$ cat work.pdb   # PDB, C-alpha atoms
MODEL        1
ATOM      1  CA  MET I   1      48.326-129.404  97.299
ATOM      2  CA  GLU I   2      45.965-129.352  94.357
ATOM      3  CA  GLU I   3      46.263-132.158  91.865
ATOM      4  CA  ASP I   4      46.569-129.537  89.140
ATOM      5  CA  ASP I   5      49.896-128.364  90.548
ATOM      6  CA  LEU I   6      51.373-131.750  89.736
ATOM      7  CA  LYS I   7      49.978-131.793  86.241
ATOM      8  CA  LYS I   8      51.587-128.468  85.420
ATOM      9  CA  ASP I   9      55.014-129.811  86.331
ATOM     10  CA  ASN I  10      55.927-130.814  82.788
ATOM     11  CA  LEU I  11      59.295-131.585  81.358
ATOM     12  CA  ILE I  12      59.823-129.068  78.569
ATOM     13  CA  ILE I  13      62.439-129.740  75.904
ATOM     14  CA  ALA I  14      62.774-127.464  72.886
ATOM     15  CA  LYS I  15      59.320-126.034  73.678
ATOM     16  CA  LYS I  16      57.731-129.507  73.653
ATOM     17  CA  LYS I  17      55.901-130.600  76.800
ATOM     18  CA  PHE I  18      56.128-134.050  78.326
ATOM     19  CA  ASP I  19      54.381-135.462  81.397
ATOM     20  CA  SER I  20      57.005-138.129  82.088
ATOM     21  CA  ARG I  21      60.496-137.206  83.206
ATOM     22  CA  LEU I  22      61.842-140.667  82.491
ATOM     23  CA  ILE I  23      63.414-141.235  79.085
ATOM     24  CA  VAL I  24      64.230-144.830  78.230
ATOM     25  CA  GLY I  25      66.564-146.479  75.767
ATOM     26  CA  THR I  26      65.339-149.246  73.485
ATOM     27  CA  GLY I  27      68.551-151.288  73.276
ATOM     28  CA  LYS I  28      69.587-154.583  74.910
ATOM     29  CA  TYR I  29      66.087-156.075  75.219
ATOM     30  CA  LYS I  30      65.475-159.749  74.438
ATOM     31  CA  SER I  31      62.862-158.813  71.844
ATOM     32  CA  MET I  32      61.044-155.817  70.450
ATOM     33  CA  LEU I  33      57.905-156.986  72.193
ATOM     34  CA  GLU I  34      59.677-156.984  75.553
ATOM     35  CA  CYS I  35      61.055-153.526  74.795
ATOM     36  CA  ALA I  36      57.638-152.133  73.864
ATOM     37  CA  LYS I  37      56.089-153.586  76.992
ATOM     38  CA  ALA I  38      58.830-152.189  79.231
ATOM     39  CA  ILE I  39      58.272-148.731  77.731
ATOM     40  CA  LYS I  40      54.596-148.997  78.648
ATOM     41  CA  PHE I  41      55.444-149.875  82.244
ATOM     42  CA  SER I  42      57.964-147.046  82.459
ATOM     43  CA  GLY I  43      55.420-144.459  81.303
ATOM     44  CA  ALA I  44      58.171-142.884  79.164
ATOM     45  CA  GLU I  45      57.082-140.592  76.354
ATOM     46  CA  ILE I  46      60.534-140.258  74.817
ATOM     47  CA  VAL I  47      62.662-143.236  73.756
ATOM     48  CA  THR I  48      66.126-143.261  72.265
ATOM     49  CA  VAL I  49      66.699-145.188  69.050
ATOM     50  CA  ALA I  50      69.762-145.980  66.953
ATOM     51  CA  VAL I  51      70.232-145.529  63.197
ATOM     52  CA  ARG I  52      71.524-148.634  61.419
ATOM     53  CA  ARG I  53      71.586-150.291  58.013
ATOM     54  CA  VAL I  54      68.435-152.108  56.933
ATOM     55  CA  ASN I  55      69.059-155.853  56.666
ATOM     56  CA  ILE I  56      68.534-156.304  52.935
ATOM     57  CA  SER I  57      69.015-160.066  52.945
ATOM     58  CA  ASN I  58      66.261-160.724  55.500
ATOM     59  CA  LYS I  59      63.276-158.820  54.212
ATOM     60  CA  ASN I  60      60.878-160.018  56.877
ATOM     61  CA  LYS I  61      62.847-158.834  59.885
ATOM     62  CA  PRO I  62      60.527-157.007  62.314
ATOM     63  CA  LEU I  63      60.843-153.219  62.462
ATOM     64  CA  LEU I  64      61.012-151.154  65.633
ATOM     65  CA  MET I  65      58.339-148.828  64.303
ATOM     66  CA  ASP I  66      55.914-151.763  64.109
ATOM     67  CA  TYR I  67      56.232-152.213  67.866
ATOM     68  CA  ILE I  68      56.692-148.636  69.097
ATOM     69  CA  ASP I  69      54.411-146.159  67.358
ATOM     70  CA  PRO I  70      56.360-142.943  66.637
ATOM     71  CA  LYS I  71      53.070-141.047  66.601
ATOM     72  CA  LYS I  72      52.491-141.919  70.248
ATOM     73  CA  ILE I  73      56.056-142.070  71.574
ATOM     74  CA  THR I  74      58.676-139.457  70.680
ATOM     75  CA  TYR I  75      61.655-141.090  68.991
ATOM     76  CA  LEU I  76      64.967-139.591  69.983
ATOM     77  CA  PRO I  77      67.510-140.748  67.385
ATOM     78  CA  ASN I  78      71.010-141.126  68.793
ATOM     79  CA  THR I  79      74.516-141.296  67.375
ATOM     80  CA  ALA I  80      75.630-144.339  69.335
ATOM     81  CA  GLY I  81      78.705-145.874  67.771
ATOM     82  CA  CYS I  82      79.965-142.562  66.353
ATOM     83  CA  PHE I  83      83.489-141.594  67.333
ATOM     84  CA  ASN I  84      83.818-138.355  65.380
ATOM     85  CA  SER I  85      81.820-135.344  64.300
ATOM     86  CA  LYS I  86      81.552-136.410  60.653
ATOM     87  CA  ASP I  87      79.882-139.742  61.459
ATOM     88  CA  ALA I  88      77.566-138.176  64.037
ATOM     89  CA  LEU I  89      76.414-135.505  61.581
ATOM     90  CA  ARG I  90      75.860-138.080  58.852
ATOM     91  CA  THR I  91      73.836-140.268  61.216
ATOM     92  CA  LEU I  92      71.557-137.489  62.452
ATOM     93  CA  ARG I  93      70.989-136.009  59.006
ATOM     94  CA  LEU I  94      69.842-139.475  57.928
ATOM     95  CA  ALA I  95      67.708-139.824  61.050
ATOM     96  CA  ARG I  96      65.957-136.572  60.243
ATOM     97  CA  GLU I  97      65.331-137.806  56.720
ATOM     98  CA  ILE I  98      63.563-140.948  57.925
ATOM     99  CA  GLY I  99      60.588-138.940  59.060
ATOM    100  CA  GLY I 100      61.323-135.380  60.013
ATOM    101  CA  TRP I 101      62.938-135.923  63.401
ATOM    102  CA  SER I 102      64.756-132.797  64.525
ATOM    103  CA  LEU I 103      64.915-133.602  68.253
ATOM    104  CA  VAL I 104      68.032-135.737  68.544
ATOM    105  CA  LYS I 105      70.487-137.143  71.045
ATOM    106  CA  LEU I 106      74.096-136.419  70.235
ATOM    107  CA  GLU I 107      76.758-138.678  71.655
ATOM    108  CA  VAL I 108      80.255-138.702  70.258
ATOM    109  CA  LEU I 109      82.301-141.266  72.082
ATOM    110  CA  GLY I 110      86.038-141.048  72.578
ATOM    111  CA  ASP I 111      87.043-144.426  73.940
ATOM    112  CA  LYS I 112      85.738-147.876  73.088
ATOM    113  CA  THR I 113      86.229-149.346  76.546
ATOM    114  CA  ASN I 114      85.035-146.641  78.963
ATOM    115  CA  LEU I 115      82.660-145.024  76.433
ATOM    116  CA  PHE I 116      83.384-141.545  77.745
ATOM    117  CA  PRO I 117      82.305-138.756  75.421
ATOM    118  CA  ASP I 118      84.824-136.906  73.267
ATOM    119  CA  MET I 119      83.826-133.408  74.313
ATOM    120  CA  ILE I 120      85.855-131.591  71.641
ATOM    121  CA  GLU I 121      84.068-133.450  68.840
ATOM    122  CA  THR I 122      80.780-133.152  70.740
ATOM    123  CA  LEU I 123      81.042-129.343  71.008
ATOM    124  CA  LYS I 124      81.911-128.971  67.332
ATOM    125  CA  THR I 125      78.995-131.172  66.301
ATOM    126  CA  THR I 126      76.488-129.436  68.576
ATOM    127  CA  GLU I 127      77.270-126.116  66.942
ATOM    128  CA  VAL I 128      76.733-127.467  63.420
ATOM    129  CA  LEU I 129      73.520-129.284  64.343
ATOM    130  CA  ALA I 130      72.041-126.225  66.059
ATOM    131  CA  LYS I 131      72.772-124.159  62.945
ATOM    132  CA  GLU I 132      71.016-126.786  60.810
ATOM    133  CA  GLY I 133      67.882-126.479  62.923
ATOM    134  CA  PHE I 134      68.251-129.628  64.994
ATOM    135  CA  LYS I 135      67.107-129.633  68.618
ATOM    136  CA  VAL I 136      70.084-131.244  70.272
ATOM    137  CA  MET I 137      70.118-133.118  73.549
ATOM    138  CA  VAL I 138      73.769-133.695  74.294
ATOM    139  CA  TYR I 139      75.375-136.583  76.147
ATOM    140  CA  CYS I 140      78.380-135.142  77.951
ATOM    141  CA  ASN I 141      80.830-135.467  80.765
ATOM    142  CA  ASP I 142      79.875-134.288  84.248
ATOM    143  CA  ASP I 143      82.106-131.258  83.738
ATOM    144  CA  PRO I 144      80.538-127.859  84.536
ATOM    145  CA  LEU I 145      82.836-126.008  82.132
ATOM    146  CA  MET I 146      81.997-128.284  79.226
ATOM    147  CA  ALA I 147      78.310-128.069  80.103
ATOM    148  CA  LYS I 148      78.552-124.282  79.919
ATOM    149  CA  ARG I 149      80.266-124.433  76.556
ATOM    150  CA  LEU I 150      77.610-126.792  75.250
ATOM    151  CA  GLU I 151      74.956-124.339  76.347
ATOM    152  CA  ASN I 152      76.751-121.603  74.434
ATOM    153  CA  SER I 153      77.001-123.874  71.384
ATOM    154  CA  GLY I 154      73.221-124.139  71.085
ATOM    155  CA  ALA I 155      72.369-127.338  72.968
ATOM    156  CA  ASP I 156      68.700-127.796  73.912
ATOM    157  CA  ALA I 157      69.380-130.134  76.812
ATOM    158  CA  ILE I 158      72.490-131.058  78.784
ATOM    159  CA  MET I 159      72.814-134.763  79.508
ATOM    160  CA  PRO I 160      75.790-135.512  81.740
ATOM    161  CA  LEU I 161      76.663-139.099  82.553
ATOM    162  CA  ALA I 162      76.194-140.416  86.066
ATOM    163  CA  ALA I 163      78.861-143.050  85.366
ATOM    164  CA  PRO I 164      80.117-144.945  82.277
ATOM    165  CA  ILE I 165      77.341-146.160  79.940
ATOM    166  CA  GLY I 166      75.837-149.443  81.092
ATOM    167  CA  SER I 167      77.980-149.557  84.254
ATOM    168  CA  GLY I 168      75.133-149.283  86.774
ATOM    169  CA  LEU I 169      77.415-147.400  89.188
ATOM    170  CA  GLY I 170      74.997-144.574  89.954
ATOM    171  CA  ILE I 171      75.869-140.869  90.234
ATOM    172  CA  LEU I 172      79.596-140.737  90.904
ATOM    173  CA  ASN I 173      80.072-136.997  91.141
ATOM    174  CA  LYS I 174      77.068-135.406  92.782
ATOM    175  CA  ILE I 175      78.875-132.146  93.417
ATOM    176  CA  ASN I 176      79.559-131.610  89.709
ATOM    177  CA  ILE I 177      75.928-132.357  88.864
ATOM    178  CA  GLN I 178      74.827-129.832  91.487
ATOM    179  CA  ILE I 179      77.157-127.194  90.062
ATOM    180  CA  ILE I 180      75.815-127.837  86.558
ATOM    181  CA  ARG I 181      72.257-127.617  87.918
ATOM    182  CA  LYS I 182      73.024-124.265  89.507
ATOM    183  CA  GLN I 183      74.534-122.733  86.391
ATOM    184  CA  THR I 184      72.081-123.832  83.708
ATOM    185  CA  LYS I 185      68.415-123.226  83.032
ATOM    186  CA  LEU I 186      68.469-125.753  80.188
ATOM    187  CA  PRO I 187      66.848-129.135  80.808
ATOM    188  CA  LEU I 188      69.384-131.215  82.738
ATOM    189  CA  ILE I 189      68.997-134.930  82.224
ATOM    190  CA  ILE I 190      71.183-137.584  83.801
ATOM    191  CA  ASP I 191      72.148-139.962  81.031
ATOM    192  CA  ALA I 192      74.015-143.235  81.473
ATOM    193  CA  GLY I 193      75.315-145.205  84.403
ATOM    194  CA  LEU I 194      72.263-145.498  86.641
ATOM    195  CA  GLY I 195      71.850-148.944  88.200
ATOM    196  CA  GLN I 196      68.831-148.891  90.498
ATOM    197  CA  ALA I 197      65.664-146.936  91.147
ATOM    198  CA  SER I 198      67.144-144.901  94.015
ATOM    199  CA  ASP I 199      69.840-143.544  91.657
ATOM    200  CA  ALA I 200      67.041-141.943  89.643
ATOM    201  CA  THR I 201      65.408-140.563  92.779
ATOM    202  CA  ILE I 202      68.704-138.994  93.881
ATOM    203  CA  ALA I 203      69.120-137.325  90.479
ATOM    204  CA  MET I 204      65.604-135.916  90.638
ATOM    205  CA  GLU I 205      65.973-134.779  94.253
ATOM    206  CA  MET I 206      69.031-132.803  93.173
ATOM    207  CA  GLY I 207      66.845-130.848  90.784
ATOM    208  CA  CYS I 208      67.628-132.635  87.534
ATOM    209  CA  ASP I 209      64.810-132.370  85.005
ATOM    210  CA  GLY I 210      64.850-136.013  84.025
ATOM    211  CA  VAL I 211      66.836-139.221  83.705
ATOM    212  CA  LEU I 212      67.622-141.486  80.783
ATOM    213  CA  VAL I 213      67.790-145.198  81.549
ATOM    214  CA  ASN I 214      68.420-148.178  79.326
ATOM    215  CA  THR I 215      70.584-151.013  80.667
ATOM    216  CA  ALA I 216      69.279-150.840  84.251
ATOM    217  CA  ILE I 217      65.798-151.677  82.964
ATOM    218  CA  ALA I 218      66.588-153.860  79.942
ATOM    219  CA  LYS I 219      69.045-156.089  81.797
ATOM    220  CA  ALA I 220      67.160-156.326  85.095
ATOM    221  CA  ARG I 221      65.958-159.808  86.062
ATOM    222  CA  LYS I 222      62.416-158.523  85.583
ATOM    223  CA  PRO I 223      62.509-155.603  83.133
ATOM    224  CA  PHE I 224      58.808-154.705  83.448
ATOM    225  CA  GLU I 225      58.958-154.454  87.217
ATOM    226  CA  MET I 226      62.171-152.445  86.994
ATOM    227  CA  ALA I 227      60.558-150.095  84.460
ATOM    228  CA  LEU I 228      57.784-149.465  86.946
ATOM    229  CA  ALA I 229      60.321-149.007  89.766
ATOM    230  CA  PHE I 230      62.148-146.328  87.763
ATOM    231  CA  LYS I 231      58.869-144.628  86.883
ATOM    232  CA  ASN I 232      57.932-144.381  90.546
ATOM    233  CA  ALA I 233      61.461-143.400  91.581
ATOM    234  CA  VAL I 234      61.508-140.478  89.155
ATOM    235  CA  ILE I 235      58.098-139.275  90.346
ATOM    236  CA  ALA I 236      59.144-139.602  94.010
ATOM    237  CA  GLY I 237      62.377-137.705  93.438
ATOM    238  CA  ARG I 238      60.660-134.916  91.549
ATOM    239  CA  GLN I 239      57.965-134.571  94.187
ATOM    240  CA  CYS I 240      60.627-134.441  96.884
ATOM    241  CA  TYR I 241      62.504-131.719  94.997
ATOM    242  CA  ASN I 242      59.333-129.671  94.525
ATOM    243  CA  ALA I 243      58.303-130.183  98.159
ATOM    244  CA  GLY I 244      61.652-128.888  99.451
ATOM    245  CA  ARG I 245      63.612-131.009 101.872
ATOM    246  CA  ILE I 246      64.342-129.998 105.475
ATOM    247  CA  ASN I 247      67.712-128.644 106.556
ATOM    248  CA  LYS I 248      70.195-131.111 107.974
ATOM    249  CA  THR I 249      71.123-130.677 111.660
ATOM    250  CA  LEU I 250      73.832-132.354 113.680
ATOM    251  CA  MET I 251      71.706-132.948 116.791
ATOM    252  CA  GLY I 252      68.300-134.550 117.237
ATOM    253  CA  ASN I 253      65.075-132.584 117.194
ATOM    254  CA  ALA I 254      62.165-134.399 118.843
ATOM    255  CA  SER I 255      59.035-134.866 116.787
ATOM    256  CA  SER I 256      56.765-135.151 119.856
ATOM    257  CA  PRO I 257      56.264-132.082 122.073
ATOM    258  CA  ILE I 258      58.021-132.085 125.471
ATOM    259  CA  GLU I 259      55.069-130.293 127.128
ATOM    260  CA  GLY I 260      52.696-132.594 128.985
ATOM    261  CA  VAL I 261      55.148-135.457 129.375
ATOM    262  CA  ILE I 262      54.019-137.592 132.343
TER     263      ILE I 262
ATOM    264  CA  MET V   1      71.360-155.139  28.447
ATOM    265  CA  LYS V   2      74.626-154.297  30.122
ATOM    266  CA  LYS V   3      74.933-155.114  33.788
ATOM    267  CA  ILE V   4      76.677-152.972  36.407
ATOM    268  CA  LYS V   5      77.878-153.577  39.926
ATOM    269  CA  ILE V   6      76.707-151.370  42.764
ATOM    270  CA  LYS V   7      76.925-151.607  46.552
ATOM    271  CA  VAL V   8      73.866-151.629  48.769
ATOM    272  CA  ASN V   9      74.530-151.444  52.511
ATOM    273  CA  GLY V  10      78.060-152.662  51.901
ATOM    274  CA  LYS V  11      77.020-155.665  49.792
ATOM    275  CA  VAL V  12      77.793-155.949  46.070
ATOM    276  CA  LYS V  13      74.715-156.189  43.865
ATOM    277  CA  THR V  14      74.475-156.618  40.105
ATOM    278  CA  VAL V  15      71.759-154.619  38.377
ATOM    279  CA  LEU V  16      70.963-153.626  34.814
ATOM    280  CA  LYS V  17      72.599-150.446  33.590
ATOM    281  CA  ASN V  18      70.272-147.442  33.911
ATOM    282  CA  SER V  19      68.131-149.224  36.503
ATOM    283  CA  ILE V  20      65.959-146.825  38.476
ATOM    284  CA  LEU V  21      66.548-146.435  42.215
ATOM    285  CA  SER V  22      62.851-146.725  43.076
ATOM    286  CA  ASP V  23      62.691-150.107  41.285
ATOM    287  CA  LEU V  24      65.663-151.375  43.253
ATOM    288  CA  LEU V  25      63.994-150.288  46.509
ATOM    289  CA  LYS V  26      60.802-152.038  45.469
ATOM    290  CA  ASN V  27      62.707-155.245  44.646
ATOM    291  CA  LEU V  28      64.387-155.138  48.030
ATOM    292  CA  ASN V  29      61.006-154.714  49.716
ATOM    293  CA  ILE V  30      62.104-151.500  51.459
ATOM    294  CA  PRO V  31      59.389-149.710  53.472
ATOM    295  CA  ILE V  32      60.206-146.251  52.093
ATOM    296  CA  LYS V  33      58.406-144.316  54.824
ATOM    297  CA  LYS V  34      60.503-145.946  57.528
ATOM    298  CA  VAL V  35      63.978-145.489  56.024
ATOM    299  CA  ALA V  36      66.453-142.882  54.828
ATOM    300  CA  ILE V  37      68.545-143.362  51.702
ATOM    301  CA  GLU V  38      72.013-142.177  50.827
ATOM    302  CA  LEU V  39      73.517-142.330  47.335
ATOM    303  CA  ASN V  40      77.287-141.886  47.310
ATOM    304  CA  GLN V  41      77.146-140.216  50.727
ATOM    305  CA  GLU V  42      74.419-137.779  49.709
ATOM    306  CA  ILE V  43      70.940-137.985  51.164
ATOM    307  CA  ILE V  44      68.279-138.663  48.554
ATOM    308  CA  ASP V  45      64.875-137.013  48.615
ATOM    309  CA  LYS V  46      62.622-140.056  48.970
ATOM    310  CA  LYS V  47      60.045-138.512  46.657
ATOM    311  CA  ARG V  48      62.554-138.393  43.838
ATOM    312  CA  THR V  49      63.819-141.990  43.781
ATOM    313  CA  ASN V  50      62.037-142.638  40.474
ATOM    314  CA  ASN V  51      64.190-139.991  38.781
ATOM    315  CA  ILE V  52      67.499-141.529  39.762
ATOM    316  CA  LYS V  53      69.343-143.851  37.373
ATOM    317  CA  LEU V  54      71.915-146.143  38.902
ATOM    318  CA  LYS V  55      75.499-145.953  37.687
ATOM    319  CA  LYS V  56      78.460-148.299  37.968
ATOM    320  CA  ASN V  57      80.003-148.375  41.473
ATOM    321  CA  ASP V  58      77.180-146.392  43.057
ATOM    322  CA  LYS V  59      77.127-146.809  46.815
ATOM    323  CA  ILE V  60      73.677-146.895  48.374
ATOM    324  CA  GLU V  61      72.972-146.877  52.085
ATOM    325  CA  ILE V  62      69.492-147.614  53.394
ATOM    326  CA  VAL V  63      69.051-147.034  57.132
ATOM    327  CA  HIS V  64      66.267-147.268  59.667
ATOM    328  CA  PHE V  65      65.741-147.082  63.423
ATOM    329  CA  ILE V  66      66.602-149.982  65.691
ATOM    330  CA  GLY V  67      66.753-150.354  69.450
ATOM    331  CA  GLY V  68      69.466-148.283  71.097
ATOM    332  CA  GLY V  69      70.307-146.368  74.246
TER     333      GLY V  69
ENDMDL
END
$ encode --input "work.pdb" --output "structure tokens"
Amino acid sequence: MEEDDLKKDNLIIAKKKFDSRLIVGTGKYKSMLECAKAIKFSGAEIVTVAVRRVNISNKNKPLLMDYIDPKKITYLPNTAGCFNSKDALRTLRLAREIGGWSLVKLEVLGDKTNLFPDMIETLKTTEVLAKEGFKVMVYCNDDPLMAKRLENSGADAIMPLAAPIGSGLGILNKINIQIIRKQTKLPLIIDAGLGQASDATIAMEMGCDGVLVNTAIAKARKPFEMALAFKNAVIAGRQCYNAGRINKTLMGNASSPIEGVI
Amino acid sequence: MKKIKIKVNGKVKTVLKNSILSDLLKNLNIPIKKVAIELNQEIIDKKRTNNIKLKKNDKIEIVHFIGGG
């Protein structure tokens, strides 16, 4: 294999090329410095960010943009905390206004305890955002029918959950993810619920285009080492997918030739 | 000069009547390039904040990016 073959294997979202297939969240870190350092270790080129009120009573509070340079790392504004279409639209319109961001992550949640997405609100919002020129990466359920409808609504990437956000349970419904992979040519990114590096590898081996990880890195005992573990896991999984795994057989198949046995 | 009450990010603030939005942002030390501003639920063009006079009960939201998943 030529080294060039690997380099050409970019993640392409809304016509933008990325070398890394690992997207990381910037929440739950002990400090912005720790977050910025973890991003470096992860090799991620896209990071999710939340839109919140500026603290007007503490004027010297550090800003995320002072630690993570949006010219070097692609900011992916999210709608975390939005439970309906109206709030999600308001949030992303504001996000775009901050500095021209049109690539966004839409997540409209439906339940405060399990954090599952409200797919009816999500579909509605995707349609409006696409019409307004946003490039929408959509957090969704691992439901092939909903994924199809999202695709028809103008989504730029489908991002089904592996398991509830922050749960660390890994991919619960591999069959559904495989069905979604088969039916869509859109970037398919596993978002939410991964707990360990091998979860990311499994997603990539199944042919997913990328994974989005936050809690599993931020809340690991050693976030920097975990960031590196996820980076390597994503690369390994992608390489395995590209290389093409062998067929499974029930019986053994000797690796050493029988001929010439003494 | 008459004073009016407005709300900035949910907090009541008293300012002079006909104050200019850009002056308020300056007083609050807001890094304009890193925020978005809403006035009464409508997004404001950041280049035009010096043309906007504040009125009684105006609701201003100033948002920026923070860490999130």
$ resolve_selection --input "work.pdb" --expression "the PyMOL selection byres ((chain I) within 9 of (chain V))" --output "VMD selection string"
chain I and resid 24 to 29 32 35 47 to 57 59 to 60 63 to 65 77 to 78 80 90 93 to 99 192 212 to 215
$ write_last_selection --input "work.pdb" --atoms "C-alpha atoms" --output "mmCIF file, in the frame of the given file"
data_model
loop_
_atom_site.group_PDB
_atom_site.id
_atom_site.type_symbol
_atom_site.label_atom_id
_atom_site.label_comp_id
_atom_site.auth_asym_id
_atom_site.auth_seq_id
_atom_site.Cartn_x
_atom_site.Cartn_y
_atom_site.Cartn_z
ATOM 1 C CA VAL I 24 64.230 -144.830 78.230
ATOM 2 C CA GLY I 25 66.564 -146.479 75.767
ATOM 3 C CA THR I 26 65.339 -149.246 73.485
ATOM 4 C CA GLY I 27 68.551 -151.288 73.276
ATOM 5 C CA LYS I 28 69.587 -154.583 74.910
ATOM 6 C CA TYR I 29 66.087 -156.075 75.219
ATOM 7 C CA MET I 32 61.044 -155.817 70.450
ATOM 8 C CA CYS I 35 61.055 -153.526 74.795
ATOM 9 C CA VAL I 47 62.662 -143.236 73.756
ATOM 10 C CA THR I 48 66.126 -143.261 72.265
ATOM 11 C CA VAL I 49 66.699 -145.188 69.050
ATOM 12 C CA ALA I 50 69.762 -145.980 66.953
ATOM 13 C CA VAL I 51 70.232 -145.529 63.197
ATOM 14 C CA ARG I 52 71.524 -148.634 61.419
ATOM 15 C CA ARG I 53 71.586 -150.291 58.013
ATOM 16 C CA VAL I 54 68.435 -152.108 56.933
ATOM 17 C CA ASN I 55 69.059 -155.853 56.666
ATOM 18 C CA ILE I 56 68.534 -156.304 52.935
ATOM 19 C CA SER I 57 69.015 -160.066 52.945
ATOM 20 C CA LYS I 59 63.276 -158.820 54.212
ATOM 21 C CA ASN I 60 60.878 -160.018 56.877
ATOM 22 C CA LEU I 63 60.843 -153.219 62.462
ATOM 23 C CA LEU I 64 61.012 -151.154 65.633
ATOM 24 C CA MET I 65 58.339 -148.828 64.303
ATOM 25 C CA PRO I 77 67.510 -140.748 67.385
ATOM 26 C CA ASN I 78 71.010 -141.126 68.793
ATOM 27 C CA ALA I 80 75.630 -144.339 69.335
ATOM 28 C CA ARG I 90 75.860 -138.080 58.852
ATOM 29 C CA ARG I 93 70.989 -136.009 59.006
ATOM 30 C CA LEU I 94 69.842 -139.475 57.928
ATOM 31 C CA ALA I 95 67.708 -139.824 61.050
ATOM 32 C CA ARG I 96 65.957 -136.572 60.243
ATOM 33 C CA GLU I 97 65.331 -137.806 56.720
ATOM 34 C CA ILE I 98 63.563 -140.948 57.925
ATOM 35 C CA GLY I 99 60.588 -138.940 59.060
ATOM 36 C CA ALA I 192 74.015 -143.235 81.473
ATOM 37 C CA LEU I 212 67.622 -141.486 80.783
ATOM 38 C CA VAL I 213 67.790 -145.198 81.549
ATOM 39 C CA ASN I 214 68.420 -148.178 79.326
ATOM 40 C CA THR I 215 70.584 -151.013 80.667
#
$ atom_distance --input "work.pdb" --atom1 "CA of Glu45 (chain I)" --atom2 "CA of Phe18 (chain I)"
6.9 Å
$ residues_around --input "work.pdb" --residues "Lys5 (chain V)" --least-positions-apart "4" --cutoff "6 Å" --atoms "only C-alpha atoms" --output "count of residues only"
4
$ atom_distance --input "work.pdb" --atom1 "CA of Asp143 (chain I)" --atom2 "CA of Arg181 (chain I)"
11.3 Å
$ axis_aligned_box --input "work.pdb" --around "region 24-42 of chain V" --padding-each-side "8 Å" --output "JSON"
{"center_x": 67.8, "center_y": -146.5, "center_z": 50.4, "size_x": 34.9, "size_y": 33.5, "size_z": 30.3}
$ closest_residue --input "work.pdb" --among "I:Ala229, I:Ala130, I:Ile235, I:Ile175" --to "Met204 (chain I)" --atoms "all atoms listed in the file"
I:Ile235
$ resolve_selection --input "work.pdb" --expression "the PyMOL selection byres ((chain V and resi 16) around 12)" --output "ChimeraX atom specification"
/V:1-6,13-15,17-21,23-24,53-56
$ residues_around --input "work.pdb" --residues "Leu22 (chain I)" --least-positions-apart "6" --cutoff "12 Å" --atoms "only C-alpha atoms" --output "PyMOL selection string"
chain I and resi 10-11+39-48+189-191+197+200-201+203-204+208-214+217+227-238
$ atom_distance --input "work.pdb" --atom1 "CA of Ile73 (chain I)" --atom2 "CA of Ile23 (chain I)"
10.5 Å
$ closest_residue --input "work.pdb" --among "I:Asp19, I:Met206, I:Asp199, I:Met137" --to "Ser153 (chain I)" --atoms "only C-alpha atoms"
I:Met137
$ resolve_selection --input "work.pdb" --expression "the PyMOL selection byres ((chain I and resi 178) around 12)" --output "list in words"
Asp142, Asp143, Pro144, Pro160, Ala162, Ile171, Leu172, Asn173, Lys174, Ile175, Asn176, Ile177, Ile179, Ile180, Arg181, Lys182, Gln183, Thr184, Leu188, Ile190, Ile202, Ala203, Met204, Glu205, Met206, Gly207 and Cys208 of chain I
$ closest_residue --input "work.pdb" --among "I:Ala163, I:Met119, I:Leu194, I:Cys140" --to "Asn84 (chain I)" --atoms "all atoms listed in the file"
I:Met119
$ build_atoms --input "work.pdb" --residues "region 88-97 of chain I" --atoms "N, CA and C atoms" --output "CSV table (one decimal), in the coordinates of the input"
chain,number,residue,atom,x,y,z
I,88,ALA,N,78.7,-138.6,63.3
I,88,ALA,CA,77.6,-138.2,64.0
I,88,ALA,C,76.6,-137.3,63.2
I,89,LEU,N,77.2,-136.4,62.4
I,89,LEU,CA,76.4,-135.5,61.6
I,89,LEU,C,75.7,-136.3,60.5
I,90,ARG,N,76.4,-137.2,59.9
I,90,ARG,CA,75.9,-138.1,58.9
I,90,ARG,C,74.7,-138.9,59.4
I,91,THR,N,74.9,-139.4,60.6
I,91,THR,CA,73.8,-140.3,61.2
I,91,THR,C,72.6,-139.5,61.5
I,92,LEU,N,72.7,-138.3,62.1
I,92,LEU,CA,71.6,-137.5,62.5
I,92,LEU,C,70.9,-136.8,61.3
I,93,ARG,N,71.6,-136.5,60.2
I,93,ARG,CA,71.0,-136.0,59.0
I,93,ARG,C,70.1,-137.1,58.4
I,94,LEU,N,70.6,-138.3,58.4
I,94,LEU,CA,69.8,-139.5,57.9
I,94,LEU,C,68.6,-139.7,58.8
I,95,ALA,N,68.8,-139.6,60.1
I,95,ALA,CA,67.7,-139.8,61.0
I,95,ALA,C,66.6,-138.8,60.8
I,96,ARG,N,67.0,-137.6,60.5
I,96,ARG,CA,66.0,-136.6,60.2
I,96,ARG,C,65.2,-136.9,59.0
I,97,GLU,N,65.9,-137.5,58.0
I,97,GLU,CA,65.3,-137.8,56.7
I,97,GLU,C,64.3,-139.0,56.8
